[in-house]
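Everything below belongs to coords_7.cif, which stores mmCIF, C-alpha atoms.
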```cif
data_final
loop_
_atom_site.group_PDB
_atom_site.id
_atom_site.type_symbol
_atom_site.label_atom_id
_atom_site.label_comp_id
_atom_site.auth_asym_id
_atom_site.auth_seq_id
_atom_site.Cartn_x
_atom_site.Cartn_y
_atom_site.Cartn_z
ATOM 1 C CA MET A 95 111.100 136.423 136.729
ATOM 2 C CA ASP A 96 114.808 135.686 136.064
ATOM 3 C CA ALA A 97 114.364 131.946 136.769
ATOM 4 C CA TYR A 98 112.745 131.556 133.379
ATOM 5 C CA ASN A 99 116.045 132.164 131.628
ATOM 6 C CA ARG A 100 118.240 129.849 133.653
ATOM 7 C CA GLY A 101 117.637 126.973 131.239
ATOM 8 C CA MET A 102 117.514 124.436 134.001
ATOM 9 C CA GLN A 103 117.248 120.898 132.714
ATOM 10 C CA LEU A 104 116.203 119.077 135.879
ATOM 11 C CA ASN A 105 113.614 116.356 135.995
ATOM 12 C CA ARG A 106 110.378 117.260 134.293
ATOM 13 C CA TRP A 107 107.107 115.416 134.381
ATOM 14 C CA PRO A 108 105.905 114.139 130.989
ATOM 15 C CA SER A 109 104.227 116.675 128.769
ATOM 16 C CA TYR A 110 101.448 115.810 126.458
ATOM 17 C CA ILE A 111 100.758 118.101 123.562
ATOM 18 C CA GLY A 112 97.359 117.997 121.965
ATOM 19 C CA LEU A 113 97.463 119.649 118.555
ATOM 20 C CA MET A 114 94.234 120.490 116.749
ATOM 21 C CA THR A 115 94.566 120.840 112.985
ATOM 22 C CA GLY A 116 92.147 122.387 110.515
ATOM 23 C CA LEU A 117 90.094 119.935 108.547
ATOM 24 C CA PHE A 118 90.077 120.045 104.793
ATOM 25 C CA CYS A 119 87.370 118.174 102.931
ATOM 26 C CA LEU A 120 87.820 117.303 99.290
ATOM 27 C CA GLY A 121 84.823 115.943 97.463
ATOM 28 C CA CYS A 122 84.718 114.753 93.929
ATOM 29 C CA VAL A 123 81.837 113.956 91.627
ATOM 30 C CA SER A 124 82.244 111.595 88.669
ATOM 31 C CA GLN A 125 80.613 112.168 85.301
ATOM 32 C CA PRO A 126 77.985 109.686 84.082
ATOM 33 C CA GLU A 127 79.297 106.285 83.000
ATOM 34 C CA GLU A 128 78.387 106.838 79.365
ATOM 35 C CA LYS A 129 81.122 109.505 79.122
ATOM 36 C CA PRO A 130 84.160 107.726 80.586
ATOM 37 C CA ALA A 131 86.631 109.996 78.811
ATOM 38 C CA SER A 132 85.502 113.081 80.720
ATOM 39 C CA PRO A 133 87.635 113.983 83.778
ATOM 40 C CA PRO A 134 85.993 114.026 87.195
ATOM 41 C CA VAL A 135 84.674 117.305 88.518
ATOM 42 C CA VAL A 136 86.500 118.167 91.745
ATOM 43 C CA GLU A 137 84.762 120.306 94.369
ATOM 44 C CA PRO A 138 86.899 123.115 95.827
ATOM 45 C CA ALA A 139 88.535 122.284 99.146
ATOM 46 C CA GLN A 140 86.763 123.826 102.102
ATOM 47 C CA SER A 141 88.523 126.737 103.761
ATOM 48 C CA ALA A 142 90.320 126.129 107.028
ATOM 49 C CA ARG A 143 88.492 127.360 110.101
ATOM 50 C CA THR A 144 89.134 131.054 110.531
ATOM 51 C CA ASP A 145 87.326 131.888 113.778
ATOM 52 C CA PHE A 146 90.069 130.790 116.197
ATOM 53 C CA LEU A 147 91.061 133.262 118.895
ATOM 54 C CA ASN A 148 94.614 134.557 118.599
ATOM 55 C CA PRO A 149 94.566 137.406 121.132
ATOM 56 C CA ASP A 150 97.367 139.908 121.618
ATOM 57 C CA LYS A 151 96.892 139.424 125.365
ATOM 58 C CA ILE A 152 95.947 136.169 127.090
ATOM 59 C CA ILE A 153 93.318 136.469 129.841
ATOM 60 C CA PHE A 154 93.670 133.953 132.684
ATOM 61 C CA ALA A 155 91.099 133.469 135.443
ATOM 62 C CA SER A 156 89.981 130.992 138.078
ATOM 63 C CA THR A 157 86.832 130.055 139.888
ATOM 64 C CA PRO A 158 86.892 132.242 143.031
ATOM 65 C CA TYR A 159 87.366 129.427 145.518
ATOM 66 C CA LEU A 160 89.419 131.753 147.746
ATOM 67 C CA GLY A 161 89.399 135.503 148.252
ATOM 68 C CA GLU A 162 91.020 137.748 145.655
ATOM 69 C CA GLY A 163 94.210 138.220 147.682
ATOM 70 C CA PHE A 164 94.875 134.496 148.013
ATOM 71 C CA LEU A 165 94.092 133.915 144.340
ATOM 72 C CA LYS A 166 96.531 136.619 143.263
ATOM 73 C CA ASP A 167 99.251 135.022 145.387
ATOM 74 C CA GLU A 168 98.375 131.665 143.837
ATOM 75 C CA PHE A 169 98.172 132.532 140.178
ATOM 76 C CA GLN A 170 100.093 135.748 139.414
ATOM 77 C CA PRO A 171 103.445 133.914 139.229
ATOM 78 C CA LEU A 172 101.859 131.330 136.914
ATOM 79 C CA VAL A 173 100.425 134.069 134.696
ATOM 80 C CA ASP A 174 103.866 135.721 134.485
ATOM 81 C CA TYR A 175 105.390 132.357 133.556
ATOM 82 C CA LEU A 176 102.792 131.787 130.832
ATOM 83 C CA ALA A 177 103.462 135.232 129.384
ATOM 84 C CA GLU A 178 107.104 134.219 128.936
ATOM 85 C CA LYS A 179 106.253 130.828 127.446
ATOM 86 C CA LEU A 180 103.500 132.075 125.114
ATOM 87 C CA GLY A 181 105.432 135.128 123.982
ATOM 88 C CA ARG A 182 102.719 137.656 124.721
ATOM 89 C CA PRO A 183 101.248 139.517 127.711
ATOM 90 C CA CYS A 184 99.010 137.570 130.075
ATOM 91 C CA GLU A 185 96.596 139.140 132.521
ATOM 92 C CA LEU A 186 95.134 137.627 135.687
ATOM 93 C CA ARG A 187 91.489 138.600 135.899
ATOM 94 C CA SER A 188 89.338 138.326 139.004
ATOM 95 C CA VAL A 189 85.900 136.758 138.572
ATOM 96 C CA ALA A 190 82.885 137.483 140.768
ATOM 97 C CA SER A 191 81.392 133.984 141.022
ATOM 98 C CA TYR A 192 81.661 130.351 139.997
ATOM 99 C CA GLU A 193 78.797 130.847 137.544
ATOM 100 C CA LYS A 194 80.492 133.875 135.995
ATOM 101 C CA MET A 195 83.700 131.899 135.464
ATOM 102 C CA ILE A 196 81.814 129.227 133.531
ATOM 103 C CA GLU A 197 80.205 131.924 131.429
ATOM 104 C CA LEU A 198 83.504 133.662 130.650
ATOM 105 C CA ILE A 199 85.429 130.510 129.701
ATOM 106 C CA GLY A 200 82.561 129.683 127.335
ATOM 107 C CA THR A 201 82.968 133.005 125.538
ATOM 108 C CA GLN A 202 85.943 134.918 124.170
ATOM 109 C CA GLU A 203 86.564 136.808 127.419
ATOM 110 C CA VAL A 204 88.766 134.247 129.220
ATOM 111 C CA HIS A 205 91.323 132.226 127.271
ATOM 112 C CA LEU A 206 92.993 130.076 129.943
ATOM 113 C CA GLY A 207 91.811 129.256 133.414
ATOM 114 C CA VAL A 208 91.280 126.957 136.359
ATOM 115 C CA LEU A 209 87.873 125.433 137.040
ATOM 116 C CA SER A 210 86.751 123.610 140.142
ATOM 117 C CA PRO A 211 85.752 120.001 139.321
ATOM 118 C CA LEU A 212 82.006 120.675 139.353
ATOM 119 C CA SER A 213 82.467 123.891 137.395
ATOM 120 C CA TYR A 214 84.499 121.953 134.827
ATOM 121 C CA VAL A 215 81.746 119.343 134.473
ATOM 122 C CA ARG A 216 79.167 122.109 133.970
ATOM 123 C CA ALA A 217 81.370 124.038 131.539
ATOM 124 C CA LYS A 218 82.202 120.921 129.517
ATOM 125 C CA LYS A 219 78.526 120.089 129.185
ATOM 126 C CA ALA A 220 77.809 123.590 127.899
ATOM 127 C CA GLU A 221 80.860 123.627 125.596
ATOM 128 C CA PRO A 222 81.948 120.101 124.553
ATOM 129 C CA ASP A 223 85.013 121.450 122.708
ATOM 130 C CA LEU A 224 86.471 122.995 125.868
ATOM 131 C CA HIS A 225 90.143 121.964 126.112
ATOM 132 C CA LEU A 226 91.205 120.133 129.281
ATOM 133 C CA LEU A 227 94.948 120.827 129.556
ATOM 134 C CA ALA A 228 95.868 119.333 132.929
ATOM 135 C CA SER A 229 94.833 118.714 136.511
ATOM 136 C CA GLN A 230 96.595 120.003 139.599
ATOM 137 C CA VAL A 231 98.669 118.049 142.089
ATOM 138 C CA ALA A 232 98.698 119.651 145.536
ATOM 139 C CA ASN A 233 100.002 118.597 148.935
ATOM 140 C CA GLY A 234 101.553 115.589 147.222
ATOM 141 C CA ALA A 235 98.185 114.224 146.052
ATOM 142 C CA THR A 236 95.926 114.328 143.003
ATOM 143 C CA THR A 237 92.725 114.415 145.072
ATOM 144 C CA TYR A 238 91.282 116.286 148.043
ATOM 145 C CA SER A 239 88.260 115.964 150.337
ATOM 146 C CA ALA A 240 85.164 117.881 151.367
ATOM 147 C CA TYR A 241 84.941 118.807 155.063
ATOM 148 C CA ILE A 242 82.139 119.952 157.318
ATOM 149 C CA VAL A 243 83.732 122.283 159.840
ATOM 150 C CA SER A 244 82.584 123.938 163.034
ATOM 151 C CA ARG A 245 84.044 125.494 166.179
ATOM 152 C CA ASN A 246 85.217 123.224 168.936
ATOM 153 C CA ASP A 247 83.636 125.398 171.647
ATOM 154 C CA ILE A 248 79.946 125.010 170.706
ATOM 155 C CA GLY A 249 79.446 121.296 171.284
ATOM 156 C CA ILE A 250 78.900 120.056 167.707
ATOM 157 C CA ALA A 251 80.433 116.637 167.061
ATOM 158 C CA SER A 252 78.549 115.388 163.990
ATOM 159 C CA LEU A 253 76.148 116.403 161.248
ATOM 160 C CA ILE A 254 73.204 115.191 163.308
ATOM 161 C CA ASP A 255 74.077 117.747 166.004
ATOM 162 C CA LEU A 256 73.423 120.530 163.477
ATOM 163 C CA GLU A 257 69.639 120.191 163.481
ATOM 164 C CA GLY A 258 68.122 123.617 163.917
ATOM 165 C CA LYS A 259 71.496 125.331 163.455
ATOM 166 C CA ARG A 260 72.742 127.829 160.858
ATOM 167 C CA PHE A 261 74.725 126.243 158.044
ATOM 168 C CA GLY A 262 76.966 127.700 155.350
ATOM 169 C CA PHE A 263 77.780 126.466 151.852
ATOM 170 C CA VAL A 264 80.299 128.062 149.503
ATOM 171 C CA ASP A 265 78.448 128.113 146.173
ATOM 172 C CA LYS A 266 76.074 125.755 144.381
ATOM 173 C CA LEU A 267 78.828 125.209 141.780
ATOM 174 C CA SER A 268 81.440 124.296 144.397
ATOM 175 C CA THR A 269 82.348 120.611 144.527
ATOM 176 C CA SER A 270 83.517 120.403 148.138
ATOM 177 C CA GLY A 271 81.594 123.444 149.307
ATOM 178 C CA TYR A 272 78.222 122.133 148.109
ATOM 179 C CA LEU A 273 77.915 119.015 145.904
ATOM 180 C CA TYR A 274 79.647 116.385 148.039
ATOM 181 C CA PRO A 275 78.267 117.654 151.362
ATOM 182 C CA MET A 276 74.767 117.700 149.875
ATOM 183 C CA ALA A 277 75.243 114.123 148.676
ATOM 184 C CA GLU A 278 76.338 113.113 152.186
ATOM 185 C CA MET A 279 73.322 114.803 153.741
ATOM 186 C CA ARG A 280 71.059 113.068 151.282
ATOM 187 C CA SER A 281 72.533 109.708 152.305
ATOM 188 C CA LEU A 282 71.662 110.566 155.915
ATOM 189 C CA LYS A 283 68.109 111.566 154.945
ATOM 190 C CA ILE A 284 68.823 115.177 155.869
ATOM 191 C CA VAL A 285 66.758 117.741 153.952
ATOM 192 C CA PRO A 286 68.776 120.941 154.428
ATOM 193 C CA ASP A 287 65.868 123.379 153.998
ATOM 194 C CA LYS A 288 64.005 121.627 156.802
ATOM 195 C CA PHE A 289 66.946 120.487 158.925
ATOM 196 C CA PHE A 290 68.807 123.791 159.330
ATOM 197 C CA SER A 291 67.326 126.966 160.747
ATOM 198 C CA GLU A 292 69.131 129.035 158.102
ATOM 199 C CA ILE A 293 71.322 128.366 155.046
ATOM 200 C CA LEU A 294 73.818 130.950 153.811
ATOM 201 C CA TYR A 295 76.200 131.011 150.812
ATOM 202 C CA ALA A 296 79.610 132.564 151.412
ATOM 203 C CA GLY A 297 80.814 132.692 147.789
ATOM 204 C CA ASP A 298 84.308 131.347 148.558
ATOM 205 C CA HIS A 299 85.964 128.987 151.027
ATOM 206 C CA GLU A 300 87.956 131.685 152.779
ATOM 207 C CA LYS A 301 84.829 133.618 153.690
ATOM 208 C CA LEU A 302 82.976 130.441 154.647
ATOM 209 C CA ILE A 303 85.602 129.547 157.250
ATOM 210 C CA GLU A 304 85.684 133.133 158.500
ATOM 211 C CA TRP A 305 81.909 132.915 158.991
ATOM 212 C CA VAL A 306 82.275 129.715 161.003
ATOM 213 C CA LEU A 307 84.938 131.239 163.236
ATOM 214 C CA ALA A 308 82.972 134.473 163.669
ATOM 215 C CA GLY A 309 79.760 132.622 164.582
ATOM 216 C CA LYS A 310 77.748 133.811 161.607
ATOM 217 C CA VAL A 311 77.063 130.132 160.903
ATOM 218 C CA ASP A 312 77.389 127.197 163.281
ATOM 219 C CA ALA A 313 79.050 124.985 160.674
ATOM 220 C CA GLY A 314 79.854 124.955 156.992
ATOM 221 C CA ALA A 315 81.068 122.963 154.002
ATOM 222 C CA THR A 316 84.559 123.538 152.660
ATOM 223 C CA SER A 317 87.577 121.821 151.102
ATOM 224 C CA SER A 318 90.497 120.155 152.825
ATOM 225 C CA SER A 319 92.812 122.583 150.984
ATOM 226 C CA ALA A 320 90.992 125.678 152.265
ATOM 227 C CA PHE A 321 90.848 124.202 155.762
ATOM 228 C CA ASN A 322 94.622 123.701 155.774
ATOM 229 C CA ILE A 323 95.239 127.279 154.595
ATOM 230 C CA MET A 324 92.840 128.887 157.064
ATOM 231 C CA LYS A 325 93.905 126.617 159.927
ATOM 232 C CA ASP A 326 97.307 128.273 159.660
ATOM 233 C CA GLN A 327 96.248 131.859 158.969
ATOM 234 C CA ALA A 328 92.720 132.736 160.141
ATOM 235 C CA PRO A 329 92.258 134.613 163.445
ATOM 236 C CA GLY A 330 90.828 132.231 166.016
ATOM 237 C CA ASN A 331 91.918 129.233 163.956
ATOM 238 C CA GLU A 332 92.608 127.160 167.064
ATOM 239 C CA LYS A 333 88.818 126.820 167.455
ATOM 240 C CA LEU A 334 88.338 125.305 163.992
ATOM 241 C CA SER A 335 87.426 121.609 163.966
ATOM 242 C CA ILE A 336 86.353 118.992 161.423
ATOM 243 C CA ILE A 337 83.088 117.179 162.153
ATOM 244 C CA ALA A 338 82.792 115.201 158.894
ATOM 245 C CA LYS A 339 84.902 114.246 155.865
ATOM 246 C CA MET A 340 83.659 112.973 152.522
ATOM 247 C CA GLY A 341 84.883 112.006 149.078
ATOM 248 C CA ARG A 342 88.157 111.931 147.219
ATOM 249 C CA ILE A 343 87.778 114.652 144.613
ATOM 250 C CA PRO A 344 90.162 115.207 141.685
ATOM 251 C CA TYR A 345 91.868 118.572 141.861
ATOM 252 C CA ASP A 346 90.891 121.522 139.686
ATOM 253 C CA ALA A 347 90.973 121.420 135.894
ATOM 254 C CA VAL A 348 93.261 123.710 133.892
ATOM 255 C CA VAL A 349 91.401 124.546 130.689
ATOM 256 C CA ALA A 350 91.633 126.530 127.473
ATOM 257 C CA ASN A 351 88.819 128.244 125.639
ATOM 258 C CA ALA A 352 87.350 125.999 122.950
ATOM 259 C CA ARG A 353 88.095 128.615 120.296
ATOM 260 C CA LEU A 354 91.681 129.401 121.276
ATOM 261 C CA GLU A 355 94.145 129.055 118.385
ATOM 262 C CA PRO A 356 95.456 125.441 118.366
ATOM 263 C CA SER A 357 99.137 126.360 118.540
ATOM 264 C CA LEU A 358 98.461 128.460 121.646
ATOM 265 C CA VAL A 359 96.554 125.585 123.224
ATOM 266 C CA ALA A 360 99.518 123.292 122.561
ATOM 267 C CA LYS A 361 102.057 125.760 123.932
ATOM 268 C CA ALA A 362 99.973 126.387 127.055
ATOM 269 C CA ARG A 363 99.574 122.654 127.699
ATOM 270 C CA GLU A 364 103.306 122.067 127.294
ATOM 271 C CA ALA A 365 104.206 124.979 129.556
ATOM 272 C CA ILE A 366 101.793 123.946 132.308
ATOM 273 C CA LEU A 367 102.726 120.267 132.258
ATOM 274 C CA GLY A 368 106.388 121.259 132.409
ATOM 275 C CA LEU A 369 105.962 122.874 135.817
ATOM 276 C CA ASN A 370 106.635 121.108 139.109
ATOM 277 C CA THR A 371 108.342 121.863 142.385
ATOM 278 C CA GLN A 372 111.181 119.418 141.759
ATOM 279 C CA ASP A 373 113.214 122.304 140.339
ATOM 280 C CA GLU A 374 113.848 125.947 141.222
ATOM 281 C CA LEU A 375 111.705 127.359 138.423
ATOM 282 C CA GLY A 376 108.714 125.329 139.536
ATOM 283 C CA ARG A 377 109.222 126.296 143.166
ATOM 284 C CA GLN A 378 109.230 129.983 142.256
ATOM 285 C CA VAL A 379 106.109 129.756 140.068
ATOM 286 C CA LEU A 380 104.144 127.400 142.344
ATOM 287 C CA ARG A 381 104.747 129.184 145.631
ATOM 288 C CA GLY A 382 101.101 130.028 146.330
ATOM 289 C CA PRO A 383 99.022 129.178 149.401
ATOM 290 C CA THR A 384 97.358 126.041 147.986
ATOM 291 C CA ASN A 385 100.711 124.226 147.881
ATOM 292 C CA ILE A 386 100.426 123.122 144.242
ATOM 293 C CA ASN A 387 103.264 120.708 143.430
ATOM 294 C CA GLY A 388 102.703 120.585 139.688
ATOM 295 C CA PHE A 389 100.311 119.367 137.034
ATOM 296 C CA VAL A 390 99.492 116.033 135.412
ATOM 297 C CA PRO A 391 97.889 115.187 132.063
ATOM 298 C CA ALA A 392 94.146 114.763 132.376
ATOM 299 C CA SER A 393 91.306 113.383 130.298
ATOM 300 C CA ASP A 394 87.634 114.061 130.769
ATOM 301 C CA ASN A 395 87.005 110.745 132.521
ATOM 302 C CA LEU A 396 89.097 111.966 135.473
ATOM 303 C CA TYR A 397 85.950 113.839 136.557
ATOM 304 C CA THR A 398 83.555 110.913 136.049
ATOM 305 C CA ASP A 399 82.841 110.544 139.778
ATOM 306 C CA VAL A 400 81.995 114.236 140.034
ATOM 307 C CA ARG A 401 79.638 113.865 137.095
ATOM 308 C CA ARG A 402 78.042 110.819 138.744
ATOM 309 C CA ALA A 403 77.607 112.685 142.032
ATOM 310 C CA LEU A 404 75.913 115.520 140.184
ATOM 311 C CA THR A 405 73.640 113.124 138.284
ATOM 312 C CA SER A 406 72.704 111.317 141.485
ATOM 313 C CA PHE A 407 72.022 114.601 143.259
ATOM 314 C CA GLU A 408 69.785 115.849 140.451
ATOM 315 C CA GLN A 409 67.635 112.716 140.386
#
```

Represent the supplied structure as structure tokens.
Amino acid sequence: MDAYNRGMQLNRWPSYIGLMTGLFCLGCVSQPEEKPASPPVVEPAQSARTDFLNPDKIIFASTPYLGEGFLKDEFQPLVDYLAEKLGRPCELRSVASYEKMIELIGTQEVHLGVLSPLSYVRAKKAEPDLHLLASQVANGATTYSAYIVSRNDIGIASLIDLEGKRFGFVDKLSTSGYLYPMAEMRSLKIVPDKFFSEILYAGDHEKLIEWVLAGKVDAGATSSSAFNIMKDQAPGNEKLSIIAKMGRIPYDAVVANARLEPSLVAKAREAILGLNTQDELGRQVLRGPTNINGFVPASDNLYTDVRRALTSFEQ
């Protein structure tokens, strides 16, 4: 896009560049004391790590929290921007499930991507060297909420009214579409398998809300972001209502494969943290449906509450 070459120097948010360097270890062994004149024997320096990924084409993917069409609208401009900044082609790849995304970012198949908070926690546990580049800011906030939604024409006003009803989750690796609602139900002594007549998994938030509106489920768990998108666009959206809200959840994690070449990791972090909607370039790149405003530096402890919720749920 031509905005990349305008050289605009408007306000940028701070960028933080994390640069990994190869480690060289030099060991030396001294000769016995009775031969002080002999020089020490120096071990050869270890070779720098050579298994970094330096792909000709960068593969970018996201957990499928929305349908493929929405995700393409969200991330294709960002992928095009990264291609310019990284100096090589970048491809947006669709991923079938949350679990598959974790698998791919843990291998060589996806180099950069966006993980939902719970997916990030799972992926980081499986691959401790996973690079956390940034976290999203959307709708002017760094956090969002989990919602339980229903239709306003079937007389459901609270979670307790759902006994014996059909309920939908997004995915067991979805933070707002599973983990936080399950924690809320647990606090209310609700055992979903016994409380609901049927439990279904939609796979993404878009489909979950469509199911609610179509009557396939009586209520379901989703995110405040997905609710806002579908409230504006889904057929029959005037019937959509919120019956419960829970949590303040940090937005999704932007990550790099643990084996990606360090200079590429640094360039990607700088490029991503340099984006925000305070200037024209940022507005063109971040024009997707989720209303991302930009990105902020993030450390692993940003997702501590998600990790605690998961630990509590698993006990």

Could you state the separation of CA of Pro222 (chain A) and CA of Leu354 (chain A) in Å, given to one decimal place?
13.9 Å

Option closest in space to Gln372 (chain A), from A:Lys288, A:Lys339, A:Leu358, A:Gly388 [counting only C-alpha atoms]
A:Gly388

Nearest to Ser319 (chain A), chosen from A:Leu198, A:Leu160, A:Ala392, A:Met340, with all atoms listed in the file counted in the distances:
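Closest residue, counting all atoms listed in the file: A:Leu160.
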
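Distances to Val306 (chain A) were evaluated for A:Asn351, A:Ser191, A:Asn246, A:Ser357 using all atoms listed in the file, and the minimum falls at A:Asn246.
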
Once the PyMOL selection byres ((chain A and resi 292-305) around 10) has been applied to the shown file, what residues remain in the selection, as a PyMOL selection string?
chain A and resi 157-162+164+190-192+243-245+258-268+270-272+286-291+306-317+319-321+323-325+328-331+334

Would you mind exporting C-alpha atoms of the selected residues as an mmCIF file, keeping the file's coordinate frame?
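again-v8.cif, freshly written:
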```cif
data_model
loop_
_atom_site.group_PDB
_atom_site.id
_atom_site.type_symbol
_atom_site.label_atom_id
_atom_site.label_comp_id
_atom_site.auth_asym_id
_atom_site.auth_seq_id
_atom_site.Cartn_x
_atom_site.Cartn_y
_atom_site.Cartn_z
ATOM 1 C CA THR A 157 86.832 130.055 139.888
ATOM 2 C CA PRO A 158 86.892 132.242 143.031
ATOM 3 C CA TYR A 159 87.366 129.427 145.518
ATOM 4 C CA LEU A 160 89.419 131.753 147.746
ATOM 5 C CA GLY A 161 89.399 135.503 148.252
ATOM 6 C CA GLU A 162 91.020 137.748 145.655
ATOM 7 C CA PHE A 164 94.875 134.496 148.013
ATOM 8 C CA ALA A 190 82.885 137.483 140.768
ATOM 9 C CA SER A 191 81.392 133.984 141.022
ATOM 10 C CA TYR A 192 81.661 130.351 139.997
ATOM 11 C CA VAL A 243 83.732 122.283 159.840
ATOM 12 C CA SER A 244 82.584 123.938 163.034
ATOM 13 C CA ARG A 245 84.044 125.494 166.179
ATOM 14 C CA GLY A 258 68.122 123.617 163.917
ATOM 15 C CA LYS A 259 71.496 125.331 163.455
ATOM 16 C CA ARG A 260 72.742 127.829 160.858
ATOM 17 C CA PHE A 261 74.725 126.243 158.044
ATOM 18 C CA GLY A 262 76.966 127.700 155.350
ATOM 19 C CA PHE A 263 77.780 126.466 151.852
ATOM 20 C CA VAL A 264 80.299 128.062 149.503
ATOM 21 C CA ASP A 265 78.448 128.113 146.173
ATOM 22 C CA LYS A 266 76.074 125.755 144.381
ATOM 23 C CA LEU A 267 78.828 125.209 141.780
ATOM 24 C CA SER A 268 81.440 124.296 144.397
ATOM 25 C CA SER A 270 83.517 120.403 148.138
ATOM 26 C CA GLY A 271 81.594 123.444 149.307
ATOM 27 C CA TYR A 272 78.222 122.133 148.109
ATOM 28 C CA PRO A 286 68.776 120.941 154.428
ATOM 29 C CA ASP A 287 65.868 123.379 153.998
ATOM 30 C CA LYS A 288 64.005 121.627 156.802
ATOM 31 C CA PHE A 289 66.946 120.487 158.925
ATOM 32 C CA PHE A 290 68.807 123.791 159.330
ATOM 33 C CA SER A 291 67.326 126.966 160.747
ATOM 34 C CA VAL A 306 82.275 129.715 161.003
ATOM 35 C CA LEU A 307 84.938 131.239 163.236
ATOM 36 C CA ALA A 308 82.972 134.473 163.669
ATOM 37 C CA GLY A 309 79.760 132.622 164.582
ATOM 38 C CA LYS A 310 77.748 133.811 161.607
ATOM 39 C CA VAL A 311 77.063 130.132 160.903
ATOM 40 C CA ASP A 312 77.389 127.197 163.281
ATOM 41 C CA ALA A 313 79.050 124.985 160.674
ATOM 42 C CA GLY A 314 79.854 124.955 156.992
ATOM 43 C CA ALA A 315 81.068 122.963 154.002
ATOM 44 C CA THR A 316 84.559 123.538 152.660
ATOM 45 C CA SER A 317 87.577 121.821 151.102
ATOM 46 C CA SER A 319 92.812 122.583 150.984
ATOM 47 C CA ALA A 320 90.992 125.678 152.265
ATOM 48 C CA PHE A 321 90.848 124.202 155.762
ATOM 49 C CA ILE A 323 95.239 127.279 154.595
ATOM 50 C CA MET A 324 92.840 128.887 157.064
ATOM 51 C CA LYS A 325 93.905 126.617 159.927
ATOM 52 C CA ALA A 328 92.720 132.736 160.141
ATOM 53 C CA PRO A 329 92.258 134.613 163.445
ATOM 54 C CA GLY A 330 90.828 132.231 166.016
ATOM 55 C CA ASN A 331 91.918 129.233 163.956
ATOM 56 C CA LEU A 334 88.338 125.305 163.992
#
```
